[in-house]
Structure formats: C-alpha cells, structure tokens
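Peer 1: So here's start.cif, just mmCIF, C-alpha atoms:
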```cif
data_entry
loop_
_atom_site.group_PDB
_atom_site.id
_atom_site.type_symbol
_atom_site.label_atom_id
_atom_site.label_comp_id
_atom_site.auth_asym_id
_atom_site.auth_seq_id
_atom_site.Cartn_x
_atom_site.Cartn_y
_atom_site.Cartn_z
ATOM 1 C CA MET G 1 132.932 80.779 8.070
ATOM 2 C CA GLN G 2 135.713 81.768 10.425
ATOM 3 C CA THR G 3 133.544 84.485 12.013
ATOM 4 C CA ARG G 4 130.689 82.014 12.465
ATOM 5 C CA SER G 5 133.047 79.515 14.127
ATOM 6 C CA ILE G 6 134.367 82.139 16.506
ATOM 7 C CA ARG G 7 130.807 83.110 17.520
ATOM 8 C CA LYS G 8 129.944 79.466 18.139
ATOM 9 C CA GLU G 9 132.993 79.029 20.367
ATOM 10 C CA ILE G 10 132.083 82.180 22.306
ATOM 11 C CA ARG G 11 128.550 80.830 22.918
ATOM 12 C CA ILE G 12 130.018 77.534 24.138
ATOM 13 C CA LEU G 13 132.362 79.390 26.507
ATOM 14 C CA ARG G 14 129.437 81.431 27.810
ATOM 15 C CA TYR G 15 127.381 78.312 28.490
ATOM 16 C CA TYR G 16 130.384 76.701 30.160
ATOM 17 C CA ALA G 17 130.978 79.768 32.351
ATOM 18 C CA LEU G 18 127.294 79.918 33.280
ATOM 19 C CA GLY G 19 127.246 76.228 34.125
ATOM 20 C CA MET G 20 130.346 76.479 36.297
ATOM 21 C CA THR G 21 128.877 79.520 38.074
ATOM 22 C CA LEU G 22 125.666 77.649 38.824
ATOM 23 C CA PHE G 23 127.613 74.605 39.992
ATOM 24 C CA ALA G 24 129.797 76.730 42.282
ATOM 25 C CA GLY G 25 126.712 78.467 43.655
ATOM 26 C CA ILE G 26 125.028 75.157 44.453
ATOM 27 C CA VAL G 27 128.160 73.876 46.189
ATOM 28 C CA LEU G 28 128.469 77.125 48.162
ATOM 29 C CA LEU G 29 124.814 77.070 49.244
ATOM 30 C CA GLY G 30 125.185 73.461 50.336
ATOM 31 C CA ALA G 31 128.233 74.333 52.390
ATOM 32 C CA VAL G 32 126.470 77.291 54.004
ATOM 33 C CA HIS G 33 123.429 75.136 54.802
ATOM 34 C CA GLU G 34 125.590 72.433 56.346
ATOM 35 C CA ALA G 35 127.514 75.026 58.345
ATOM 36 C CA SER G 36 124.241 76.498 59.629
ATOM 37 C CA ARG G 37 123.166 73.047 60.811
ATOM 38 C CA ASN G 38 126.491 72.256 62.467
ATOM 39 C CA ALA G 39 128.088 75.540 63.468
ATOM 40 C CA THR G 40 131.065 75.795 65.803
ATOM 41 C CA LEU G 41 131.526 79.176 67.468
ATOM 42 C CA ASP G 42 133.987 80.427 70.036
ATOM 43 C CA THR G 43 131.672 83.125 71.433
ATOM 44 C CA LEU G 44 127.936 83.654 71.007
ATOM 45 C CA THR G 45 126.501 86.876 72.468
ATOM 46 C CA VAL G 46 122.712 86.981 72.788
ATOM 47 C CA HIS G 47 120.015 88.327 75.102
ATOM 48 C CA ARG G 48 117.928 85.144 75.084
ATOM 49 C CA ILE G 49 118.050 81.663 73.545
ATOM 50 C CA ASN G 50 114.869 79.724 72.729
ATOM 51 C CA VAL G 51 115.320 76.005 72.076
ATOM 52 C CA LEU G 52 112.347 74.612 70.108
ATOM 53 C CA ASP G 53 111.250 71.110 69.259
ATOM 54 C CA ARG G 54 110.406 70.077 65.680
ATOM 55 C CA GLU G 55 106.807 71.207 66.196
ATOM 56 C CA GLY G 56 107.867 74.715 67.193
ATOM 57 C CA LYS G 57 107.106 74.371 70.925
ATOM 58 C CA LEU G 58 109.552 75.657 73.540
ATOM 59 C CA ALA G 59 111.827 73.025 75.076
ATOM 60 C CA LEU G 60 114.322 75.279 76.900
ATOM 61 C CA VAL G 61 114.869 79.016 77.409
ATOM 62 C CA ILE G 62 118.095 80.669 78.561
ATOM 63 C CA THR G 63 117.371 84.308 79.313
ATOM 64 C CA ASN G 64 118.437 87.511 81.023
ATOM 65 C CA HIS G 65 116.194 89.328 83.503
ATOM 66 C CA ASP G 66 114.912 91.818 80.903
ATOM 67 C CA ASP G 67 113.570 89.131 78.554
ATOM 68 C CA PHE G 68 112.228 86.619 81.070
ATOM 69 C CA PRO G 69 109.228 84.766 79.577
ATOM 70 C CA LEU G 70 105.801 84.539 81.156
ATOM 71 C CA PRO G 71 104.730 81.148 82.570
ATOM 72 C CA VAL G 72 102.787 78.761 80.323
ATOM 73 C CA VAL G 73 100.252 76.383 81.907
ATOM 74 C CA ASN G 74 98.113 74.112 79.730
ATOM 75 C CA GLY G 75 99.027 76.251 76.738
ATOM 76 C CA HIS G 76 97.917 79.496 78.423
ATOM 77 C CA THR G 77 100.258 82.363 79.350
ATOM 78 C CA PHE G 78 99.861 84.014 82.750
ATOM 79 C CA ARG G 79 101.446 86.705 84.890
ATOM 80 C CA ARG G 80 104.442 85.449 86.852
ATOM 81 C CA GLY G 81 104.165 85.932 90.593
ATOM 82 C CA GLY G 82 106.993 87.749 92.340
ATOM 83 C CA GLY G 83 108.131 89.711 89.282
ATOM 84 C CA ASN G 84 110.625 88.818 86.586
ATOM 85 C CA ASP G 85 113.816 90.510 87.813
ATOM 86 C CA THR G 86 115.929 87.349 87.550
ATOM 87 C CA ASN G 87 118.146 85.614 85.029
ATOM 88 C CA GLY G 88 117.326 82.013 84.369
ATOM 89 C CA ILE G 89 117.052 78.727 82.533
ATOM 90 C CA LEU G 90 113.498 77.450 82.121
ATOM 91 C CA PHE G 91 112.464 73.891 81.287
ATOM 92 C CA TYR G 92 109.406 73.012 79.164
ATOM 93 C CA ASN G 93 107.736 69.660 78.619
ATOM 94 C CA GLN G 94 106.551 68.149 75.332
ATOM 95 C CA ARG G 95 103.219 69.963 75.689
ATOM 96 C CA GLY G 96 105.051 73.304 75.662
ATOM 97 C CA ASP G 97 104.215 74.041 79.324
ATOM 98 C CA GLU G 98 106.800 75.328 81.785
ATOM 99 C CA GLN G 99 108.044 72.503 84.013
ATOM 100 C CA GLY G 100 110.569 74.044 86.370
ATOM 101 C CA GLY G 101 113.729 76.047 86.059
ATOM 102 C CA LEU G 102 116.838 77.609 87.530
ATOM 103 C CA THR G 103 116.918 81.318 88.410
ATOM 104 C CA TRP G 104 119.409 83.652 90.047
ATOM 105 C CA THR G 105 119.633 87.322 90.900
ATOM 106 C CA GLY G 106 122.019 89.620 92.741
ATOM 107 C CA LEU G 107 121.638 93.347 93.357
ATOM 108 C CA ARG G 108 123.710 96.051 95.004
ATOM 109 C CA HIS G 109 121.774 99.226 95.700
ATOM 110 C CA PRO G 110 123.112 102.821 95.714
ATOM 111 C CA ASP G 111 122.764 102.997 99.505
ATOM 112 C CA GLY G 112 125.144 100.041 99.897
ATOM 113 C CA THR G 113 122.540 97.400 100.722
ATOM 114 C CA PHE G 114 122.481 94.176 98.718
ATOM 115 C CA GLU G 115 120.432 91.047 98.130
ATOM 116 C CA SER G 116 120.778 87.844 96.141
ATOM 117 C CA SER G 117 119.058 84.515 95.628
ATOM 118 C CA ASN G 118 119.431 81.280 93.700
ATOM 119 C CA GLU G 119 116.532 78.910 93.105
ATOM 120 C CA ILE G 120 115.856 75.673 91.273
ATOM 121 C CA SER G 121 112.393 74.127 91.082
ATOM 122 C CA PHE G 122 110.838 71.046 89.512
ATOM 123 C CA ASP G 123 107.211 70.908 88.354
ATOM 124 C CA THR G 124 105.195 68.070 86.841
ATOM 125 C CA VAL G 125 103.025 67.946 83.749
ATOM 126 C CA ASN G 126 99.853 68.668 85.777
ATOM 127 C CA THR G 127 101.107 70.675 88.763
ATOM 128 C CA ASP G 128 103.285 73.515 89.898
ATOM 129 C CA GLN G 129 106.586 72.856 91.658
ATOM 130 C CA LEU G 130 106.808 69.774 93.875
ATOM 131 C CA LEU G 131 110.434 70.313 94.878
ATOM 132 C CA HIS G 132 112.203 73.631 95.418
ATOM 133 C CA LEU G 133 115.766 74.440 96.479
ATOM 134 C CA GLN G 134 116.757 78.024 97.241
ATOM 135 C CA ASP G 135 119.145 80.260 99.134
ATOM 136 C CA GLY G 136 119.202 83.962 99.875
ATOM 137 C CA ASN G 137 121.435 86.693 101.218
ATOM 138 C CA GLU G 138 120.016 90.017 102.369
ATOM 139 C CA ASN G 139 122.699 92.345 103.692
ATOM 140 C CA GLY G 140 124.612 89.442 105.185
ATOM 141 C CA ARG G 141 121.585 87.612 106.630
ATOM 142 C CA THR G 142 121.601 84.290 104.817
ATOM 143 C CA GLU G 143 119.163 81.400 104.554
ATOM 144 C CA ALA G 144 118.828 78.170 102.580
ATOM 145 C CA GLU G 145 116.089 75.570 102.321
ATOM 146 C CA LEU G 146 114.743 72.569 100.466
ATOM 147 C CA ILE G 147 110.931 72.376 100.347
ATOM 148 C CA GLY G 148 108.549 69.710 99.061
ATOM 149 C CA TRP G 149 104.851 70.320 98.304
ATOM 150 C CA ASN G 150 101.654 68.577 97.337
ATOM 151 C CA GLN G 151 100.050 70.641 94.576
ATOM 152 C CA PRO G 152 96.517 70.780 93.141
ATOM 153 C CA ASP G 153 95.900 69.373 89.673
ATOM 154 C CA TYR G 154 96.161 72.204 87.155
ATOM 155 C CA ASN G 155 94.983 70.066 84.256
ATOM 156 C CA SER G 156 91.282 70.933 84.459
ATOM 157 C CA PRO G 157 89.099 73.604 82.785
ATOM 158 C CA ALA G 158 87.768 74.739 86.172
ATOM 159 C CA PHE G 159 91.242 75.359 87.551
ATOM 160 C CA MET G 160 92.313 77.191 84.393
ATOM 161 C CA THR G 161 89.319 79.522 84.747
ATOM 162 C CA LEU G 162 90.245 80.231 88.357
ATOM 163 C CA LEU G 163 93.896 80.752 87.441
ATOM 164 C CA ASP G 164 92.851 83.302 84.826
ATOM 165 C CA ASP G 165 90.714 85.164 87.387
ATOM 166 C CA ILE G 166 93.593 85.241 89.860
ATOM 167 C CA GLN G 167 95.670 87.320 87.442
ATOM 168 C CA HIS G 168 93.414 90.334 88.052
ATOM 169 C CA MET G 169 93.171 90.124 91.856
ATOM 170 C CA THR G 170 94.778 92.471 94.355
ATOM 171 C CA PRO G 171 96.970 90.971 97.136
ATOM 172 C CA ALA G 172 94.051 91.268 99.581
ATOM 173 C CA GLN G 173 91.716 89.494 97.157
ATOM 174 C CA LEU G 174 94.299 86.754 96.600
ATOM 175 C CA HIS G 175 94.584 86.192 100.341
ATOM 176 C CA ALA G 176 90.806 85.957 100.702
ATOM 177 C CA PHE G 177 90.614 83.649 97.697
ATOM 178 C CA ALA G 178 93.246 81.313 99.158
ATOM 179 C CA ILE G 179 91.307 81.088 102.431
ATOM 180 C CA ALA G 180 88.035 80.404 100.604
ATOM 181 C CA HIS G 181 89.583 77.697 98.390
ATOM 182 C CA PRO G 182 91.921 75.541 100.509
ATOM 183 C CA GLU G 183 91.675 72.757 97.918
ATOM 184 C CA LEU G 184 93.579 74.943 95.460
ATOM 185 C CA ARG G 185 96.444 75.833 97.793
ATOM 186 C CA SER G 186 99.792 74.089 97.691
ATOM 187 C CA LYS G 187 100.490 72.072 100.838
ATOM 188 C CA THR G 188 104.000 71.992 102.265
ATOM 189 C CA ARG G 189 104.994 68.416 103.169
ATOM 190 C CA PHE G 190 108.554 68.967 104.344
ATOM 191 C CA LEU G 191 111.207 71.638 104.841
ATOM 192 C CA PHE G 192 114.933 71.301 105.542
ATOM 193 C CA GLY G 193 117.157 74.328 105.961
ATOM 194 C CA TYR G 194 118.157 77.252 108.098
ATOM 195 C CA ASP G 195 116.565 80.680 108.401
ATOM 196 C CA ALA G 196 117.835 84.258 108.701
ATOM 197 C CA THR G 197 118.384 83.777 112.456
ATOM 198 C CA ASN G 198 120.851 80.984 111.589
ATOM 199 C CA THR G 199 118.571 78.365 113.136
ATOM 200 C CA SER G 200 118.622 74.966 111.421
ATOM 201 C CA GLN G 201 115.227 73.329 111.182
ATOM 202 C CA VAL G 202 113.311 70.338 109.872
ATOM 203 C CA MET G 203 109.526 70.336 109.437
ATOM 204 C CA LEU G 204 107.367 67.369 108.444
ATOM 205 C CA ALA G 205 103.677 67.927 107.675
ATOM 206 C CA ASP G 206 100.607 65.809 106.983
ATOM 207 C CA GLY G 207 98.687 65.671 103.697
ATOM 208 C CA GLN G 208 96.858 68.905 104.522
ATOM 209 C CA GLY G 209 100.100 70.807 105.005
ATOM 210 C CA ARG G 210 99.765 70.928 108.810
ATOM 211 C CA PRO G 211 103.145 70.703 110.602
ATOM 212 C CA ARG G 212 103.307 67.580 112.797
ATOM 213 C CA ILE G 213 107.018 67.332 113.615
ATOM 214 C CA LYS G 214 109.482 70.197 114.077
ATOM 215 C CA MET G 215 113.169 70.052 114.942
ATOM 216 C CA PHE G 216 115.350 73.086 115.654
ATOM 217 C CA VAL G 217 119.013 73.731 116.358
ATOM 218 C CA THR G 218 119.966 77.344 117.102
ATOM 219 C CA ALA G 219 123.259 78.956 116.167
ATOM 220 C CA ASP G 220 124.324 78.540 119.832
ATOM 221 C CA GLY G 221 123.651 74.795 119.707
ATOM 222 C CA ASP G 222 120.324 74.572 121.561
ATOM 223 C CA ALA G 223 118.292 71.684 120.118
ATOM 224 C CA HIS G 224 114.558 71.065 120.386
ATOM 225 C CA LEU G 225 112.083 68.494 119.034
ATOM 226 C CA GLU G 226 108.298 69.009 118.904
ATOM 227 C CA PHE G 227 105.319 66.810 117.979
ATOM 228 C CA LEU G 228 102.101 68.642 117.136
ATOM 229 C CA ASP G 229 98.454 67.747 116.602
ATOM 230 C CA ALA G 230 96.303 68.895 113.664
ATOM 231 C CA THR G 231 95.575 72.234 115.375
ATOM 232 C CA GLY G 232 99.252 73.045 115.856
ATOM 233 C CA LYS G 233 99.257 72.295 119.592
ATOM 234 C CA ILE G 234 102.443 70.675 120.964
ATOM 235 C CA VAL G 235 101.537 67.214 122.291
ATOM 236 C CA ALA G 236 105.094 66.102 123.067
ATOM 237 C CA GLU G 237 108.524 67.697 123.056
ATOM 238 C CA TYR G 238 112.135 67.070 123.972
ATOM 239 C CA PRO G 239 113.550 68.518 126.066
ATOM 240 C CA GLU G 240 110.356 69.541 127.838
ATOM 241 C CA THR G 241 109.971 73.266 128.415
ATOM 242 C CA HIS G 242 107.028 73.069 130.852
#
```
Kindly present the structure from the file in structure tokens form.

Peer 2:
Amino acid sequence: MQTRSIRKEIRILRYYALGMTLFAGIVLLGAVHEASRNATLDTLTVHRINVLDREGKLALVITNHDDFPLPVVNGHTFRRGGGNDTNGILFYNQRGDEQGGLTWTGLRHPDGTFESSNEISFDTVNTDQLLHLQDGNENGRTEAELIGWNQPDYNSPAFMTLLDDIQHMTPAQLHAFAIAHPELRSKTRFLFGYDATNTSQVMLADGQGRPRIKMFVTADGDAHLEFLDATGKIVAEYPETH
C-alpha cells in the first residue's frame, strides 16, 4: 500500500510539473509575441526596410543604393531611368504604386573629383511627378531648382503598353519616340532656381510646356525679363537689348 501511494504521489507531481511547464511556456510565448509587436530598440542595423500595409502592399521603403527598388506603376515593375545609385525613401499609395520619394547621393572619385545631389518628388495616383525639388554639386559648381509639370495619365492600358515598350529602347529610339508622341511627354509649367553659372531664373510656361515668361539675374546682378510667343520668339523684354 505504501509503495502504491508513493507511485500515485509521483504521478501527481509529474502532472503538476508538466502543467506548470506548459503554463510557463504559454506565458513566455505571449510575452515574446507582445514584444515582437511592440519592440523598443536602441539601434537597428539593416540594408533596407519595407513597410507593408495589412494586405501586403508596400507603403514605404527606406533603402541604400545597392537595394534600391524598381518603380511600380499600375502594379507593373519597370526599369528606373537614370540608374539606381542613390539612397532613398520611397512613398507608395494604397494601390501599391510608387508615388514620390526622397533620394540623395554623394561621391568622391579617386581622381579627386566629386558630385552630389538631393531630390524630393511628389507623384499622383495616375501620373509621374508633378512637383520636384533638387540640388546638385559637381566639383564646386552648384545648382538648385523647383520644377512643376503637367504629366500624361498613366492609368490606361494603352499607356502601359507604351511604357513597357520604352524599357527596351535605346537612347536614340527614346528621343525619336518622344518627338513622335508629344502627348505622352511631361510638360514643364514652371521653374524656379539657379543654374551652374550661378544665374537665378524663373520660367513660366503654357499648357504645352512652351516657355512664355523668363526672368534672369546673373551672379553679377544683371537682371532681364522676357516675354515669348508660342514659337519661342521674344515679343517684349526689359531692359530692351535691341
């Protein structure tokens, strides 16, 4: 009887130990899960961060220049013009399409030359960038400008087909394509800034992107104002030069 009682007590202790182990495991898993949902870190070292919405679509990307993502338009991925040698923060809309971003780059070459740029652009749900702010420095020659555009509507099957074809064109073919399809070109509406000659300038254009008003102030202080017709001919200016 005594041996049987001892065995019974041992079984009870085993069940108790197993139950406590399971309980502790559940508590620990809950704590780990909660910590994973609300983590506080002093330093996080990564190459790229993808922020997703609840449906798994990109909302924001923070990336280095080696892992820069390709652009997404209407759910399609395309080659990015101008290369990807920049670091950046990219914005995406609720459709998962890229809708602007902030990029920056700075390089010093072995021969001592250098170059840098910073850019921020804002797109819309159906177009490429409408507003673009940038600066640049190439071996001490600096420039900065704010540009506004009218853009064609990208939200059409015909445009998506053309955009896909563009990916395989050479620079010469792209130039010819742009001339043949003016309706698909972006049209600059205004520009404020200064160029590499350190000349400040303002340009206002019509709906076709044709400059109609230009103002200049050189680094030496010479100022000039021009009014132009649709062909680019100066129809009035101040001060007059002829």

Peer 1: For a test of reading the model, state the distance in Å between atom CA of Phe78 of chain G and atom CA of Thr63 of chain G, rounded to one decimal.

Peer 2: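 Here the two named atoms are 17.8 Å from each other.
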
Peer 1: Report as a PyMOL selection string all protein, DNA and RNA residues lying within 10 Å of Phe190 of chain G, evaluated on only C-alpha atoms, omitting residues in the same chain fewer than 5 positions from it.

Peer 2: chain G and resi 131+146-150+202-206+209+211+213-214

Peer 1: Restricting the calculation to only C-alpha atoms, which member of G:His109, G:His181, G:Arg54, G:Arg48 is positioned closest to Gly88 of chain G?

Peer 2: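 Looking only at the distances to Gly88 of chain G, the closest residue turns out to be G:Arg48.
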
Peer 1: So that I can see what lies close to segment 112-124 of chain G, please list as a PyMOL selection string the residues with an atom at most 8 Å from it, counting only C-alpha atoms and leaving out residues fewer than 2 positions away in the same chain.

Peer 2: chain G and resi 98-110+126-139

Peer 1: Report, in Å to a single decimal, how far apart atom CA of Gly96 of chain G and atom CA of Leu52 of chain G are.

Peer 2: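 So the two atoms, atom CA of Leu52 of chain G and atom CA of Gly96 of chain G, lie 9.3 Å apart.
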
Peer 1: Nearest residue to Tyr92 of chain G out of G:Leu58, G:Ala172, G:Val125, G:Val217, using all atoms listed in the file?

Peer 2: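 Answer, going by the shortest atom-to-atom distance: G:Leu58.
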
Peer 1: Hey, can you check how far atom CA of Gln94 of chain G sits from atom CA of Asp66 of chain G?

Peer 2: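 A separation of 25.7 Å between them.
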
Peer 1: Rebuild N, CA and C atoms on segment 67-93 of chain G, as a JSON list (two decimals), in the frame of the given file?

Peer 2:
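Once everything was written out, this is part-v5.json:
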```json
[["chain", "number", "residue", "atom", "x", "y", "z"],
["G", 67, "ASP", "N", 114.34, 89.87, 79.56],
["G", 67, "ASP", "CA", 113.57, 89.13, 78.55],
["G", 67, "ASP", "C", 113.00, 87.83, 79.12],
["G", 68, "PHE", "N", 112.73, 87.82, 80.41],
["G", 68, "PHE", "CA", 112.23, 86.62, 81.07],
["G", 68, "PHE", "C", 110.81, 86.31, 80.58],
["G", 69, "PRO", "N", 110.55, 85.08, 80.13],
["G", 69, "PRO", "CA", 109.23, 84.77, 79.58],
["G", 69, "PRO", "C", 108.16, 84.60, 80.66],
["G", 70, "LEU", "N", 106.92, 84.78, 80.26],
["G", 70, "LEU", "CA", 105.80, 84.54, 81.16],
["G", 70, "LEU", "C", 105.56, 83.03, 81.28],
["G", 71, "PRO", "N", 104.98, 82.58, 82.40],
["G", 71, "PRO", "CA", 104.73, 81.15, 82.57],
["G", 71, "PRO", "C", 103.65, 80.65, 81.63],
["G", 72, "VAL", "N", 103.77, 79.39, 81.21],
["G", 72, "VAL", "CA", 102.79, 78.76, 80.32],
["G", 72, "VAL", "C", 102.24, 77.53, 81.04],
["G", 73, "VAL", "N", 100.93, 77.50, 81.25],
["G", 73, "VAL", "CA", 100.25, 76.38, 81.91],
["G", 73, "VAL", "C", 99.12, 75.92, 81.01],
["G", 74, "ASN", "N", 99.13, 74.65, 80.63],
["G", 74, "ASN", "CA", 98.11, 74.11, 79.73],
["G", 74, "ASN", "C", 97.94, 74.96, 78.47],
["G", 75, "GLY", "N", 99.06, 75.47, 77.96],
["G", 75, "GLY", "CA", 99.03, 76.25, 76.74],
["G", 75, "GLY", "C", 98.63, 77.69, 76.92],
["G", 76, "HIS", "N", 98.33, 78.12, 78.15],
["G", 76, "HIS", "CA", 97.92, 79.50, 78.42],
["G", 76, "HIS", "C", 99.06, 80.25, 79.11],
["G", 77, "THR", "N", 99.22, 81.51, 78.76],
["G", 77, "THR", "CA", 100.26, 82.36, 79.35],
["G", 77, "THR", "C", 99.66, 83.21, 80.46],
["G", 78, "PHE", "N", 100.37, 83.28, 81.60],
["G", 78, "PHE", "CA", 99.86, 84.01, 82.75],
["G", 78, "PHE", "C", 100.94, 84.92, 83.32],
["G", 79, "ARG", "N", 100.51, 85.83, 84.19],
["G", 79, "ARG", "CA", 101.45, 86.70, 84.89],
["G", 79, "ARG", "C", 102.28, 85.88, 85.85],
["G", 80, "ARG", "N", 103.56, 86.18, 85.94],
["G", 80, "ARG", "CA", 104.44, 85.45, 86.85],
["G", 80, "ARG", "C", 104.45, 86.14, 88.21],
["G", 81, "GLY", "N", 104.15, 85.38, 89.25],
["G", 81, "GLY", "CA", 104.16, 85.93, 90.59],
["G", 81, "GLY", "C", 105.57, 86.27, 91.05],
["G", 82, "GLY", "N", 105.70, 87.37, 91.80],
["G", 82, "GLY", "CA", 106.99, 87.75, 92.34],
["G", 82, "GLY", "C", 107.86, 88.56, 91.40],
["G", 83, "GLY", "N", 107.34, 88.92, 90.21],
["G", 83, "GLY", "CA", 108.13, 89.71, 89.28],
["G", 83, "GLY", "C", 109.06, 88.87, 88.44],
["G", 84, "ASN", "N", 109.77, 89.53, 87.53],
["G", 84, "ASN", "CA", 110.62, 88.82, 86.59],
["G", 84, "ASN", "C", 112.07, 89.32, 86.63],
["G", 85, "ASP", "N", 112.49, 89.90, 87.76],
["G", 85, "ASP", "CA", 113.82, 90.51, 87.81],
["G", 85, "ASP", "C", 114.89, 89.48, 88.13],
["G", 86, "THR", "N", 114.92, 88.38, 87.36],
["G", 86, "THR", "CA", 115.93, 87.35, 87.55],
["G", 86, "THR", "C", 116.44, 86.86, 86.20],
["G", 87, "ASN", "N", 117.64, 86.35, 86.19],
["G", 87, "ASN", "CA", 118.15, 85.61, 85.03],
["G", 87, "ASN", "C", 117.78, 84.15, 85.22],
["G", 88, "GLY", "N", 117.73, 83.38, 84.14],
["G", 88, "GLY", "CA", 117.33, 82.01, 84.37],
["G", 88, "GLY", "C", 117.41, 81.08, 83.19],
["G", 89, "ILE", "N", 117.20, 79.81, 83.51],
["G", 89, "ILE", "CA", 117.05, 78.73, 82.53],
["G", 89, "ILE", "C", 115.73, 78.05, 82.85],
["G", 90, "LEU", "N", 114.82, 78.03, 81.90],
["G", 90, "LEU", "CA", 113.50, 77.45, 82.12],
["G", 90, "LEU", "C", 113.34, 76.17, 81.32],
["G", 91, "PHE", "N", 112.70, 75.18, 81.93],
["G", 91, "PHE", "CA", 112.46, 73.89, 81.29],
["G", 91, "PHE", "C", 111.00, 73.81, 80.84],
["G", 92, "TYR", "N", 110.77, 73.19, 79.68],
["G", 92, "TYR", "CA", 109.41, 73.01, 79.16],
["G", 92, "TYR", "C", 109.22, 71.55, 78.78],
["G", 93, "ASN", "N", 108.00, 71.05, 78.99],
["G", 93, "ASN", "CA", 107.74, 69.66, 78.62],
["G", 93, "ASN", "C", 107.27, 69.57, 77.17]]
```
